[in-house]
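Q: Just so it is clear, I am handing over start02.cif, which has mmCIF, C-alpha atoms.
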```cif
data_entry
#
loop_
_atom_site.label_atom_id
_atom_site.label_comp_id
_atom_site.auth_asym_id
_atom_site.auth_seq_id
_atom_site.Cartn_x
_atom_site.Cartn_y
_atom_site.Cartn_z
CA MET A 1 -134.40 37.68 243.02
CA ASP A 2 -134.71 37.37 239.26
CA VAL A 3 -137.54 35.83 237.23
CA LYS A 4 -135.92 32.40 237.16
CA ASP A 5 -135.67 32.21 240.93
CA LYS A 6 -139.33 33.04 241.23
CA LEU A 7 -140.31 30.24 238.83
CA ILE A 8 -138.20 27.49 240.38
CA ASN A 9 -139.15 27.29 244.01
CA ASP A 10 -136.75 25.74 246.50
CA GLU A 11 -139.69 24.19 248.35
CA VAL A 12 -140.66 22.05 245.38
CA SER A 13 -138.59 19.07 246.47
CA SER A 14 -139.71 19.27 250.11
CA GLY A 15 -143.46 19.41 249.42
CA PRO A 16 -145.73 16.48 248.66
CA ALA A 17 -145.06 14.90 245.26
CA LEU A 18 -147.59 16.15 242.73
CA GLU A 19 -147.07 13.36 240.23
CA PRO A 20 -148.39 10.41 242.29
CA MET A 21 -151.14 12.59 243.68
CA ALA A 22 -152.35 13.53 240.19
CA MET A 23 -152.16 9.95 238.94
CA VAL A 24 -154.08 8.57 241.94
CA ALA A 25 -156.83 11.17 241.50
CA LEU A 26 -156.96 10.44 237.76
CA ASP A 27 -157.15 6.70 238.35
CA ALA A 28 -160.05 7.17 240.76
CA GLY A 29 -161.84 9.27 238.14
CA ARG A 30 -161.07 6.74 235.41
CA MET A 31 -162.42 3.85 237.48
CA LEU A 32 -165.57 5.79 238.31
CA MET A 33 -166.08 6.74 234.67
CA GLU A 34 -165.63 3.12 233.56
CA ALA A 35 -168.19 2.19 236.22
CA GLY A 36 -170.83 4.32 234.47
CA ALA A 37 -170.80 7.58 236.44
CA SER A 38 -171.92 10.94 235.10
CA ALA A 39 -169.46 13.78 234.48
CA ASN A 40 -170.43 15.68 237.62
CA SER A 41 -169.75 12.65 239.80
CA ILE A 42 -166.34 12.17 238.18
CA ASP A 43 -165.53 15.85 238.65
CA ALA A 44 -166.51 15.68 242.31
CA ILE A 45 -164.66 12.47 243.15
CA VAL A 46 -161.43 13.52 241.46
CA ALA A 47 -161.53 16.83 243.37
CA LYS A 48 -162.16 14.95 246.64
CA PHE A 49 -159.22 12.63 246.07
CA ALA A 50 -156.84 15.38 244.96
CA ARG A 51 -157.75 17.79 247.76
CA GLY A 52 -157.78 15.01 250.34
CA LEU A 53 -154.23 14.11 249.31
CA GLY A 54 -153.11 17.72 249.69
CA ALA A 55 -153.77 19.61 246.45
CA ASP A 56 -154.81 23.26 246.69
CA ARG A 57 -156.16 23.55 243.17
CA VAL A 58 -157.81 20.94 240.98
CA ASP A 59 -159.00 21.38 237.39
CA LEU A 60 -160.33 18.43 235.43
CA ARG A 61 -161.18 17.99 231.77
CA ILE A 62 -163.44 15.03 231.06
CA GLY A 63 -163.39 13.59 227.57
CA TYR A 64 -165.08 10.44 226.31
CA ALA A 65 -161.84 8.48 226.06
CA SER A 66 -159.50 10.39 228.38
CA LEU A 67 -159.26 12.49 231.51
CA ALA A 68 -156.83 15.39 231.99
CA ILE A 69 -156.08 16.98 235.34
CA THR A 70 -154.14 19.98 236.51
CA ILE A 71 -153.36 20.06 240.21
CA GLY A 72 -151.40 22.58 242.15
CA ILE A 73 -149.93 23.21 245.57
CA GLY A 74 -148.85 26.78 246.20
CA PRO A 75 -146.96 28.06 243.16
CA ASN A 76 -146.35 24.55 241.77
CA GLY A 77 -148.58 22.62 239.47
CA ILE A 78 -148.64 19.77 236.96
CA THR A 79 -150.96 18.57 234.21
CA ARG A 80 -151.41 14.88 233.49
CA MET A 81 -153.67 12.85 231.22
CA ARG A 82 -155.07 9.31 231.55
CA GLU A 83 -156.76 7.11 228.98
CA VAL A 84 -160.22 5.79 229.85
CA GLY A 85 -161.26 2.28 228.81
CA HIS A 86 -164.62 0.79 227.88
CA LEU A 87 -167.50 2.54 229.65
CA GLY A 88 -169.55 -0.12 231.41
CA VAL A 89 -171.76 -0.02 234.49
CA ASN A 90 -170.59 -1.30 237.89
CA GLN A 91 -172.49 0.19 240.77
CA ARG A 92 -170.69 -1.67 243.55
CA LEU A 93 -167.38 -0.27 242.36
CA ASP A 94 -168.99 3.18 242.13
CA GLN A 95 -170.18 2.87 245.70
CA GLU A 96 -166.81 1.66 247.00
CA LEU A 97 -165.04 4.56 245.27
CA TRP A 98 -167.34 7.05 246.99
CA ARG A 99 -166.61 5.43 250.36
CA LEU A 100 -162.88 5.58 249.68
CA SER A 101 -163.17 9.23 248.63
CA ASP A 102 -164.74 10.05 252.00
CA ARG A 103 -161.79 8.45 253.80
CA VAL A 104 -159.29 10.28 251.60
CA ALA A 105 -161.11 13.58 252.08
CA HIS A 106 -160.87 13.15 255.86
CA GLY A 107 -157.11 12.73 255.55
CA GLU A 108 -157.11 9.08 256.69
CA LEU A 109 -154.93 7.82 253.84
CA THR A 110 -151.62 8.80 252.25
CA THR A 111 -151.13 8.79 248.50
CA ALA A 112 -149.46 5.36 248.59
CA GLN A 113 -152.20 3.89 250.76
CA THR A 114 -154.86 5.33 248.45
CA ARG A 115 -153.10 3.79 245.45
CA ALA A 116 -153.08 0.42 247.24
CA GLU A 117 -156.80 0.75 248.05
CA LEU A 118 -157.63 1.58 244.42
CA THR A 119 -155.69 -1.46 243.26
CA ARG A 120 -157.55 -3.61 245.79
CA LEU A 121 -160.94 -2.25 244.67
CA ALA A 122 -160.15 -2.86 241.01
CA ALA A 123 -159.23 -6.47 241.74
CA LYS A 124 -161.58 -7.41 244.57
CA THR A 125 -164.90 -5.63 244.02
CA PRO A 126 -167.35 -8.54 243.70
CA ARG A 127 -169.57 -9.12 240.68
CA HIS A 128 -172.67 -11.24 240.40
CA SER A 129 -172.00 -14.66 238.93
CA THR A 130 -172.53 -15.21 235.21
CA TRP A 131 -175.63 -17.34 235.75
CA VAL A 132 -177.25 -14.98 238.25
CA MET A 133 -176.75 -12.16 235.77
CA ALA A 134 -178.13 -14.21 232.88
CA VAL A 135 -181.27 -15.19 234.79
CA ALA A 136 -181.79 -11.59 235.95
CA VAL A 137 -181.45 -10.30 232.39
CA GLY A 138 -183.88 -12.96 231.15
CA LEU A 139 -186.35 -11.91 233.81
CA ALA A 140 -185.95 -8.23 232.94
CA CYS A 141 -186.51 -8.84 229.23
CA ALA A 142 -189.53 -11.06 229.95
CA ALA A 143 -190.96 -8.22 232.05
CA PHE A 144 -190.19 -5.80 229.22
CA GLY A 145 -192.01 -8.17 226.90
CA ARG A 146 -195.10 -8.07 229.08
CA LEU A 147 -194.91 -4.25 229.13
CA LEU A 148 -194.77 -4.36 225.32
CA LYS A 149 -197.86 -6.62 225.26
CA VAL A 150 -196.16 -9.92 224.40
CA ASP A 151 -198.67 -12.66 225.22
CA TRP A 152 -197.93 -15.20 227.97
CA SER A 153 -196.93 -17.94 225.52
CA GLY A 154 -194.27 -15.62 224.05
CA THR A 155 -192.91 -14.53 227.45
CA GLY A 156 -191.09 -17.80 228.23
CA PRO A 157 -189.14 -17.76 224.94
CA VAL A 158 -188.16 -14.13 225.57
CA PHE A 159 -186.80 -15.14 228.99
CA VAL A 160 -184.70 -17.97 227.52
CA ALA A 161 -183.52 -15.98 224.49
CA ALA A 162 -182.42 -12.99 226.58
CA MET A 163 -180.69 -15.29 229.05
CA ILE A 164 -178.71 -16.96 226.27
CA GLY A 165 -178.04 -13.55 224.72
CA GLN A 166 -176.52 -12.34 228.00
CA LEU A 167 -174.33 -15.47 228.26
CA VAL A 168 -173.10 -14.91 224.70
CA ARG A 169 -172.49 -11.21 225.35
CA ARG A 170 -170.47 -11.97 228.47
CA ASP A 171 -168.40 -14.52 226.57
CA LEU A 172 -167.76 -12.19 223.62
CA LEU A 173 -166.79 -9.26 225.83
CA GLY A 174 -164.48 -11.59 227.74
CA ARG A 175 -162.78 -12.29 224.39
CA HIS A 176 -162.45 -8.51 223.83
CA VAL A 177 -164.74 -8.50 220.79
CA ASN A 178 -165.64 -4.96 219.71
CA VAL A 179 -168.77 -3.80 221.61
CA PHE A 180 -170.61 -2.79 218.42
CA ILE A 181 -169.96 -6.13 216.68
CA CYS A 182 -170.90 -7.85 219.93
CA ALA A 183 -174.22 -5.93 219.94
CA THR A 184 -175.04 -7.15 216.42
CA ILE A 185 -174.13 -10.78 217.15
CA VAL A 186 -176.08 -10.89 220.42
CA SER A 187 -179.04 -9.11 218.86
CA PHE A 188 -179.12 -11.61 216.00
CA ILE A 189 -178.88 -14.68 218.26
CA ALA A 190 -181.38 -13.43 220.87
CA SER A 191 -183.93 -12.23 218.29
CA VAL A 192 -183.77 -15.50 216.31
CA LEU A 193 -184.12 -17.58 219.48
CA GLY A 194 -186.94 -15.36 220.79
CA GLY A 195 -188.75 -15.44 217.45
CA LEU A 196 -188.36 -19.21 216.99
CA GLY A 197 -189.46 -19.88 220.56
CA ALA A 198 -192.50 -17.65 220.22
CA PHE A 199 -193.36 -19.36 216.91
CA PHE A 200 -193.19 -22.86 218.37
CA ALA A 201 -195.10 -21.69 221.46
CA HIS A 202 -197.90 -20.50 219.12
CA SER A 203 -197.54 -16.91 220.26
CA ASP A 204 -199.43 -14.19 218.39
CA SER A 205 -196.69 -11.64 219.02
CA ILE A 206 -193.57 -13.08 217.40
CA THR A 207 -192.14 -9.75 216.22
CA THR A 208 -192.61 -8.13 219.62
CA ALA A 209 -191.06 -11.17 221.30
CA MET A 210 -188.02 -10.77 219.04
CA ILE A 211 -187.73 -7.11 220.01
CA ALA A 212 -188.19 -7.83 223.73
CA SER A 213 -185.40 -10.45 223.54
CA ILE A 214 -182.83 -7.83 222.52
CA LEU A 215 -183.72 -5.13 225.03
CA LEU A 216 -180.80 -6.21 227.23
CA LEU A 217 -178.65 -4.37 224.66
CA VAL A 218 -180.38 -0.99 224.90
CA PRO A 219 -177.82 1.37 226.48
CA GLY A 220 -180.09 2.92 229.09
CA VAL A 221 -177.46 4.31 231.48
CA PRO A 222 -175.36 6.02 228.77
CA SER A 223 -178.47 7.53 227.21
CA VAL A 224 -179.57 9.05 230.53
CA ASN A 225 -175.99 10.06 231.38
CA ALA A 226 -175.66 11.75 227.97
CA GLN A 227 -178.46 14.11 228.73
CA SER A 228 -177.54 14.77 232.34
CA ASP A 229 -173.97 15.56 231.24
CA ILE A 230 -175.25 18.15 228.76
CA LEU A 231 -177.61 19.63 231.33
CA GLU A 232 -174.84 19.85 233.91
CA GLY A 233 -172.40 21.68 231.64
CA HIS A 234 -170.45 18.91 229.87
CA PRO A 235 -171.83 19.10 226.31
CA THR A 236 -168.85 17.45 224.59
CA LEU A 237 -168.96 14.34 226.75
CA GLY A 238 -172.76 14.27 226.58
CA SER A 239 -172.69 14.52 222.78
CA ALA A 240 -170.08 11.76 222.52
CA ARG A 241 -172.19 9.49 224.71
CA ALA A 242 -175.31 10.27 222.64
CA VAL A 243 -173.53 9.42 219.38
CA THR A 244 -172.27 6.15 220.89
CA VAL A 245 -175.80 5.28 222.03
CA ALA A 246 -177.13 5.96 218.52
CA VAL A 247 -174.47 3.80 216.88
CA ILE A 248 -175.07 0.93 219.31
CA LEU A 249 -178.80 1.12 218.53
CA ILE A 250 -178.05 0.90 214.80
CA PHE A 251 -175.85 -2.19 215.33
CA VAL A 252 -178.53 -3.76 217.53
CA ALA A 253 -181.16 -3.07 214.86
CA VAL A 254 -178.94 -4.66 212.20
CA GLY A 255 -178.82 -7.87 214.26
CA LEU A 256 -182.60 -7.81 214.68
CA TRP A 257 -183.09 -7.16 210.98
CA LEU A 258 -180.84 -10.11 210.07
CA GLY A 259 -182.85 -12.26 212.47
CA GLN A 260 -186.10 -11.21 210.85
CA VAL A 261 -184.71 -11.92 207.38
CA LEU A 262 -183.61 -15.40 208.48
CA LEU A 263 -186.97 -16.30 210.05
CA SER A 264 -188.87 -14.92 207.04
CA HIS A 265 -186.64 -17.04 204.80
CA PHE A 266 -187.87 -20.15 206.61
CA GLY A 267 -191.47 -19.11 206.16
CA ILE A 268 -192.24 -17.76 209.63
CA GLN A 269 -194.79 -14.96 209.34
CA LEU A 270 -193.65 -11.89 211.29
CA MET B 1 -207.64 1.31 233.54
CA THR B 2 -208.22 -1.56 235.94
CA PHE B 3 -206.36 -2.17 239.18
CA ALA B 4 -205.16 -5.53 237.80
CA PHE B 5 -203.57 -3.76 234.81
CA LEU B 6 -201.89 -1.20 237.06
CA LEU B 7 -200.59 -4.00 239.30
CA HIS B 8 -199.32 -5.93 236.28
CA GLN B 9 -197.42 -2.91 234.93
CA THR B 10 -196.04 -2.09 238.37
CA ILE B 11 -194.76 -5.65 238.94
CA CYS B 12 -193.23 -5.77 235.47
CA GLY B 13 -191.51 -2.42 236.10
CA ALA B 14 -190.12 -3.73 239.38
CA LEU B 15 -188.86 -6.97 237.79
CA ALA B 16 -187.22 -5.12 234.90
CA ALA B 17 -185.51 -2.72 237.32
CA VAL B 18 -184.25 -5.59 239.49
CA GLY B 19 -182.95 -7.45 236.44
CA PHE B 20 -181.05 -4.43 235.23
CA GLY B 21 -179.91 -3.75 238.80
CA VAL B 22 -178.18 -7.13 238.79
CA LEU B 23 -176.72 -6.39 235.37
CA PHE B 24 -175.34 -3.11 236.73
CA ASN B 25 -173.78 -5.02 239.65
CA ILE B 26 -175.95 -3.54 242.37
CA GLY B 27 -175.66 -5.60 245.59
CA PHE B 28 -178.47 -7.97 246.62
CA ARG B 29 -179.31 -5.85 249.70
CA SER B 30 -180.04 -2.84 247.50
CA LEU B 31 -182.17 -4.64 244.93
CA PRO B 32 -185.46 -4.03 246.82
CA TRP B 33 -184.80 -0.30 246.37
CA CYS B 34 -184.36 -0.88 242.64
CA ALA B 35 -187.65 -2.79 242.59
CA ALA B 36 -189.38 0.06 244.42
CA SER B 37 -187.90 2.61 242.03
CA GLY B 38 -189.01 0.67 238.92
CA ALA B 39 -192.44 -0.03 240.37
CA LEU B 40 -192.98 3.65 241.21
CA ALA B 41 -191.90 4.72 237.73
CA LEU B 42 -194.23 2.32 235.93
CA ALA B 43 -197.13 2.98 238.30
CA VAL B 44 -196.93 6.73 237.72
CA ARG B 45 -196.46 6.36 233.97
CA THR B 46 -199.36 3.91 233.67
CA CYS B 47 -201.65 6.18 235.69
CA CYS B 48 -200.80 9.23 233.58
CA TYR B 49 -200.94 7.33 230.27
CA SER B 50 -203.96 5.10 230.79
CA GLN B 51 -206.03 6.96 233.37
CA TYR B 52 -205.43 10.61 232.45
CA HIS B 53 -204.68 9.95 228.75
CA TRP B 54 -201.46 11.95 228.67
CA ASN B 55 -199.10 11.06 225.83
CA LEU B 56 -196.18 8.70 226.43
CA GLU B 57 -193.58 11.47 226.60
CA ALA B 58 -195.48 13.50 229.20
CA SER B 59 -196.23 10.37 231.21
CA SER B 60 -192.56 9.35 231.15
CA PHE B 61 -191.54 12.86 232.21
CA ALA B 62 -193.93 12.82 235.18
CA ALA B 63 -192.73 9.36 236.22
CA ALA B 64 -189.05 10.31 235.97
CA LEU B 65 -189.68 13.55 237.90
CA ILE B 66 -191.38 11.69 240.75
CA VAL B 67 -188.77 8.93 240.84
CA GLY B 68 -185.98 11.55 240.82
CA ALA B 69 -187.63 13.46 243.69
CA ALA B 70 -188.29 10.27 245.70
CA VAL B 71 -184.69 9.16 245.29
CA GLN B 72 -183.48 12.57 246.47
CA ILE B 73 -185.60 12.24 249.61
CA LEU B 74 -184.70 8.61 250.32
CA ARG B 75 -181.10 8.61 249.13
CA THR B 76 -179.61 8.47 252.63
CA ARG B 77 -181.62 5.35 253.50
CA ALA B 78 -180.73 3.29 250.46
CA ASP B 79 -177.16 2.02 250.50
CA ILE B 80 -176.71 2.77 246.83
CA SER B 81 -175.59 5.66 244.69
CA GLN B 82 -178.31 8.15 243.84
CA ASN B 83 -177.46 8.05 240.15
CA ALA B 84 -177.91 4.27 240.02
CA LEU B 85 -181.20 4.19 241.86
CA ASP B 86 -183.09 6.69 239.76
CA VAL B 87 -181.60 5.52 236.46
CA VAL B 88 -182.39 1.86 237.20
CA GLY B 89 -185.95 2.85 238.07
CA CYS B 90 -186.37 4.62 234.76
CA ILE B 91 -184.71 1.93 232.61
CA PRO B 92 -188.06 0.13 232.04
CA MET B 93 -189.34 3.34 230.45
CA VAL B 94 -186.49 3.68 227.93
CA PRO B 95 -188.21 3.10 224.57
CA GLY B 96 -185.89 0.45 223.16
CA SER B 97 -188.62 -1.19 221.09
CA PHE B 98 -189.50 2.13 219.42
CA ALA B 99 -185.83 2.66 218.59
CA ALA B 100 -185.61 -0.79 216.99
CA LYS B 101 -188.83 -0.23 215.04
CA ALA B 102 -187.64 3.20 213.87
CA ILE B 103 -184.37 1.85 212.51
CA LEU B 104 -186.08 -1.19 210.95
CA GLY B 105 -188.55 1.19 209.28
CA LEU B 106 -185.65 3.14 207.78
CA PHE B 107 -184.08 -0.14 206.61
CA ALA B 108 -187.38 -1.07 204.97
CA LEU B 109 -187.32 2.15 202.95
CA THR B 110 -184.08 1.10 201.26
CA SER B 111 -185.80 -1.90 199.69
CA ILE B 112 -186.52 -1.45 195.98
CA ASP B 113 -190.07 -2.78 196.12
CA THR B 114 -191.21 -0.86 199.19
CA ALA B 115 -194.98 -0.85 199.37
CA HIS B 116 -196.54 2.21 201.04
CA ALA B 117 -193.21 4.07 201.18
CA THR B 118 -194.74 7.29 202.50
CA GLU B 119 -196.56 5.48 205.26
CA THR B 120 -193.40 3.55 206.21
CA LEU B 121 -191.35 6.76 206.28
CA VAL B 122 -193.88 8.62 208.42
CA THR B 123 -194.08 5.71 210.85
CA ALA B 124 -190.28 5.47 211.12
CA VAL B 125 -189.98 9.22 211.71
CA GLN B 126 -192.76 9.08 214.31
CA TYR B 127 -190.94 6.30 216.18
CA THR B 128 -187.64 8.20 215.96
CA LEU B 129 -189.22 11.34 217.36
CA ARG B 130 -190.93 9.39 220.13
CA VAL B 131 -187.60 7.83 221.10
CA MET B 132 -185.89 11.22 221.18
CA PHE B 133 -188.63 12.95 223.10
CA THR B 134 -189.15 10.10 225.56
CA ILE B 135 -185.45 9.80 226.39
CA GLY B 136 -185.34 13.59 226.63
CA ALA B 137 -188.33 13.53 228.97
CA ILE B 138 -186.78 10.87 231.20
CA GLY B 139 -183.41 12.64 231.36
CA THR B 140 -184.99 16.01 232.10
CA GLY B 141 -187.35 14.53 234.67
CA LEU B 142 -184.45 12.92 236.51
CA ALA B 143 -182.22 15.98 236.29
CA ILE B 144 -184.70 18.57 237.60
CA PRO B 145 -184.97 17.32 241.22
CA SER B 146 -181.23 16.95 241.58
CA LEU B 147 -180.52 20.36 240.02
CA LEU B 148 -183.19 22.07 242.12
CA LEU B 149 -182.13 20.47 245.37
CA ARG B 150 -178.47 21.01 244.57
CA VAL B 151 -177.55 17.52 245.72
CA ARG B 152 -175.81 16.61 242.58
CA VAL B 153 -173.27 14.00 243.40
CA SER B 154 -173.68 12.85 246.95
CA ARG B 155 -174.83 9.35 247.72
#
```
Please, can you express the file's structure as structure tokens?
A:
Amino acid sequence: MDVKDKLINDEVSSGPALEPMAMVALDAGRMLMEAGASANSIDAIVAKFARGLGADRVDLRIGYASLAITIGIGPNGITRMREVGHLGVNQRLDQELWRLSDRVAHGELTTAQTRAELTRLAAKTPRHSTWVMAVAVGLACAAFGRLLKVDWSGTGPVFVAAMIGQLVRRDLLGRHVNVFICATIVSFIASVLGGLGAFFAHSDSITTAMIASILLLVPGVPSVNAQSDILEGHPTLGSARAVTVAVILIFVAVGLWLGQVLLSHFGIQL
Amino acid sequence: MTFAFLLHQTICGALAAVGFGVLFNIGFRSLPWCAASGALALAVRTCCYSQYHWNLEASSFAAALIVGAAVQILRTRADISQNALDVVGCIPMVPGSFAAKAILGLFALTSIDTAHATETLVTAVQYTLRVMFTIGAIGTGLAIPSLLLRVRVSR
């Protein structure tokens, strides 16, 4: 048997197809990453899917905007890459993916069935309604305001401003507006509304109310994930997340600054 | 520190965690766990900060460490991913207002007629450092229990 015979194995065509297996595992990792998971979780779930579907070897590279996987069965292997979209947070999808990974790991599903389940999860995982989310965000920012020592008369305006800010953010993201521009617009609107409301409510903490109104935009999950990724051996992804967090904060601050300039222009003392 | 103040901070921490839990699409059945996580974080931080006079960074570290450890212990009972529960609990401690003040302070320095430029710069740098150290403290506090217990990705 010469070198060529060793490289091209006759069993390749009879074994499980590596291509769909790799793409299903990558899609599971992509969905989990877009749902706000840390690098270690993505690594683990992709390995569970790939091994559960029959792979012997799994190697994953996690970038900020793409995932690359190499899987192998016996002497055969392939490498595939998948683009990752906007990194949000969706814990119910995260949870459903973990449940599905357990079923795949126990050999309950074929590659095609797993693909169908992933498609179903992407389409059917429920989300809270727009209004429930807006009220919850308003409540969270009002609580933040109290933690930052906003007086009671300024707390109501913070609640309303953050609620409207969340509604605007949802609408803008639905129109596929760039997330950084969206952060500035929402920050401007929420801070102006929070500041005006606190002014008319005779609050003594107008500036703090403006800041509390924009705290819905602070990227808490990415900032914690950035550090845990670095600690767990993924410094490139962690650094990319940290830079993104810093840039979002700058855009949020620009919106707040514009809001302060506008209110000062109309004679409101900040 | 009075009990009323501690209760106020704890309730606000719980409300903030629940609000962000909804934003992160955590199911209604799991929201009480988010509330408990946020309440525990703020209670510990308030105790350390106001009662024992630790600085904010150390207080945040202690709170994140305890929340991280509690989540590790209780993770099988809460029908929610471990990562979500401890992060949501610590969200109320993320110093977003300091970050905004730090960047606004740096903006203020670019103005031609900046009064007290040195004072403004020092304040902005202080806020920046506090943001970095507090986020670092929270991240480290959350990571230590999971790294020590080697339960890194399970629910």
Q: For Phe20 of chain B, please output as a ChimeraX atom specification all residues within 8 Å (counting only C-alpha atoms; exclusion window: fewer than 5 positions along the same chain).
A: /A:136-137,140 /B:88,91
Q: With all atoms listed in the file counted and 7 Å as the cut-off, give the residues of chain B in contact with chain A, each with its shortest interatomic distance in Å and the pair that gives it, as JSON lines.
A:
```
{"residue": "B:Gln9", "atom": "CA", "partner": "A:Leu147", "partner_atom": "CA", "distance": 6.5}
{"residue": "B:Cys12", "atom": "CA", "partner": "A:Ala143", "partner_atom": "CA", "distance": 4.8}
{"residue": "B:Leu15", "atom": "CA", "partner": "A:Ala140", "partner_atom": "CA", "distance": 5.8}
{"residue": "B:Ala16", "atom": "CA", "partner": "A:Ala140", "partner_atom": "CA", "distance": 3.9}
{"residue": "B:Gly19", "atom": "CA", "partner": "A:Ala136", "partner_atom": "CA", "distance": 4.3}
{"residue": "B:Phe20", "atom": "CA", "partner": "A:Val137", "partner_atom": "CA", "distance": 6.5}
{"residue": "B:Val22", "atom": "CA", "partner": "A:Met133", "partner_atom": "CA", "distance": 6.0}
{"residue": "B:Leu23", "atom": "CA", "partner": "A:Met133", "partner_atom": "CA", "distance": 5.8}
{"residue": "B:Phe24", "atom": "CA", "partner": "A:Asn90", "partner_atom": "CA", "distance": 5.2}
{"residue": "B:Asn25", "atom": "CA", "partner": "A:Asn90", "partner_atom": "CA", "distance": 5.2}
{"residue": "B:Ile26", "atom": "CA", "partner": "A:Gln91", "partner_atom": "CA", "distance": 5.3}
{"residue": "B:Gly27", "atom": "CA", "partner": "A:Arg92", "partner_atom": "CA", "distance": 6.7}
{"residue": "B:Ile80", "atom": "CA", "partner": "A:Gln95", "partner_atom": "CA", "distance": 6.6}
{"residue": "B:Ser81", "atom": "CA", "partner": "A:Gln95", "partner_atom": "CA", "distance": 6.2}
{"residue": "B:Ala84", "atom": "CA", "partner": "A:Gln91", "partner_atom": "CA", "distance": 6.8}
{"residue": "B:Val87", "atom": "CA", "partner": "A:Val221", "partner_atom": "CA", "distance": 6.6}
{"residue": "B:Ile91", "atom": "CA", "partner": "A:Gly220", "partner_atom": "CA", "distance": 5.9}
{"residue": "B:Pro92", "atom": "CA", "partner": "A:Phe144", "partner_atom": "CA", "distance": 6.9}
{"residue": "B:Val94", "atom": "CA", "partner": "A:Gly220", "partner_atom": "CA", "distance": 6.5}
{"residue": "B:Gly96", "atom": "CA", "partner": "A:Val218", "partner_atom": "CA", "distance": 6.0}
{"residue": "B:Ser97", "atom": "CA", "partner": "A:Ile211", "partner_atom": "CA", "distance": 6.1}
{"residue": "B:Ala100", "atom": "CA", "partner": "A:Ala253", "partner_atom": "CA", "distance": 5.4}
{"residue": "B:Ile103", "atom": "CA", "partner": "A:Ala253", "partner_atom": "CA", "distance": 6.3}
{"residue": "B:Leu104", "atom": "CA", "partner": "A:Ala253", "partner_atom": "CA", "distance": 6.6}
{"residue": "B:Gly139", "atom": "CA", "partner": "A:Val224", "partner_atom": "CA", "distance": 5.3}
{"residue": "B:Ala143", "atom": "CA", "partner": "A:Ser228", "partner_atom": "CA", "distance": 6.2}
{"residue": "B:Val153", "atom": "CA", "partner": "A:Ser41", "partner_atom": "CA", "distance": 5.2}
```
Q: If the PyMOL selection byres ((chain A and resi 190-197) around 10) is run on the structure shown, which residues does it catch, given as a short mmCIF file (atom, residue, chain, number, x, y, z; two decimals) with C-alpha atoms, in the frame of the given file?
A:
```cif
data_model
loop_
_atom_site.label_atom_id
_atom_site.label_comp_id
_atom_site.auth_asym_id
_atom_site.auth_seq_id
_atom_site.Cartn_x
_atom_site.Cartn_y
_atom_site.Cartn_z
CA SER A 153 -196.93 -17.94 225.52
CA GLY A 154 -194.27 -15.62 224.05
CA THR A 155 -192.91 -14.53 227.45
CA GLY A 156 -191.09 -17.80 228.23
CA PRO A 157 -189.14 -17.76 224.94
CA VAL A 158 -188.16 -14.13 225.57
CA PHE A 159 -186.80 -15.14 228.99
CA VAL A 160 -184.70 -17.97 227.52
CA ALA A 161 -183.52 -15.98 224.49
CA ALA A 162 -182.42 -12.99 226.58
CA MET A 163 -180.69 -15.29 229.05
CA ILE A 164 -178.71 -16.96 226.27
CA GLY A 165 -178.04 -13.55 224.72
CA GLN A 166 -176.52 -12.34 228.00
CA VAL A 168 -173.10 -14.91 224.70
CA THR A 184 -175.04 -7.15 216.42
CA ILE A 185 -174.13 -10.78 217.15
CA VAL A 186 -176.08 -10.89 220.42
CA SER A 187 -179.04 -9.11 218.86
CA PHE A 188 -179.12 -11.61 216.00
CA ILE A 189 -178.88 -14.68 218.26
CA ALA A 198 -192.50 -17.65 220.22
CA PHE A 199 -193.36 -19.36 216.91
CA PHE A 200 -193.19 -22.86 218.37
CA ALA A 201 -195.10 -21.69 221.46
CA HIS A 202 -197.90 -20.50 219.12
CA SER A 203 -197.54 -16.91 220.26
CA SER A 205 -196.69 -11.64 219.02
CA ILE A 206 -193.57 -13.08 217.40
CA THR A 207 -192.14 -9.75 216.22
CA THR A 208 -192.61 -8.13 219.62
CA ALA A 209 -191.06 -11.17 221.30
CA MET A 210 -188.02 -10.77 219.04
CA ILE A 211 -187.73 -7.11 220.01
CA ALA A 212 -188.19 -7.83 223.73
CA SER A 213 -185.40 -10.45 223.54
CA ILE A 214 -182.83 -7.83 222.52
CA LEU A 215 -183.72 -5.13 225.03
CA LEU A 216 -180.80 -6.21 227.23
CA GLY A 255 -178.82 -7.87 214.26
CA LEU A 256 -182.60 -7.81 214.68
CA TRP A 257 -183.09 -7.16 210.98
CA LEU A 258 -180.84 -10.11 210.07
CA GLY A 259 -182.85 -12.26 212.47
CA GLN A 260 -186.10 -11.21 210.85
CA VAL A 261 -184.71 -11.92 207.38
CA LEU A 262 -183.61 -15.40 208.48
CA LEU A 263 -186.97 -16.30 210.05
CA ILE A 268 -192.24 -17.76 209.63
CA LEU A 270 -193.65 -11.89 211.29
#
```
Q: Around the point (-168.1, -0.9, 216.0), in the coordinates given by the file, pick out the residues reaching within 10 Å, counting all atoms listed in the file, and return them as a list in words.
A: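 So the residues meeting the distance criterion are Val177, Asn178, Val179, Phe180, Ile181, Cys182, Ala183, Thr184, Thr244, Val247, Ile248 and Phe251 of chain A.
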Q: Quick one: distance from atom CA of Lys48 of chain A to atom CA of Pro235 of chain A in Å, one decimal?
A: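 It comes out at 22.9 Å.
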Q: So the first atom is atom CA of Gly74 of chain A and the second is atom CA of Asp56 of chain A; what is the distance between them in Å, to one decimal place?
A: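 Atom-to-atom, atom CA of Gly74 of chain A to atom CA of Asp56 of chain A, that is 6.9 Å.
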Q: From (-157.4, -0.5, 247.4), in the file's coordinates, out to 12 Å: which residues are reached, counting all atoms listed in the file? Answer as a ChimeraX atom specification.
A: /A:24,27-28,31,93,96-97,99-101,103-104,109-125
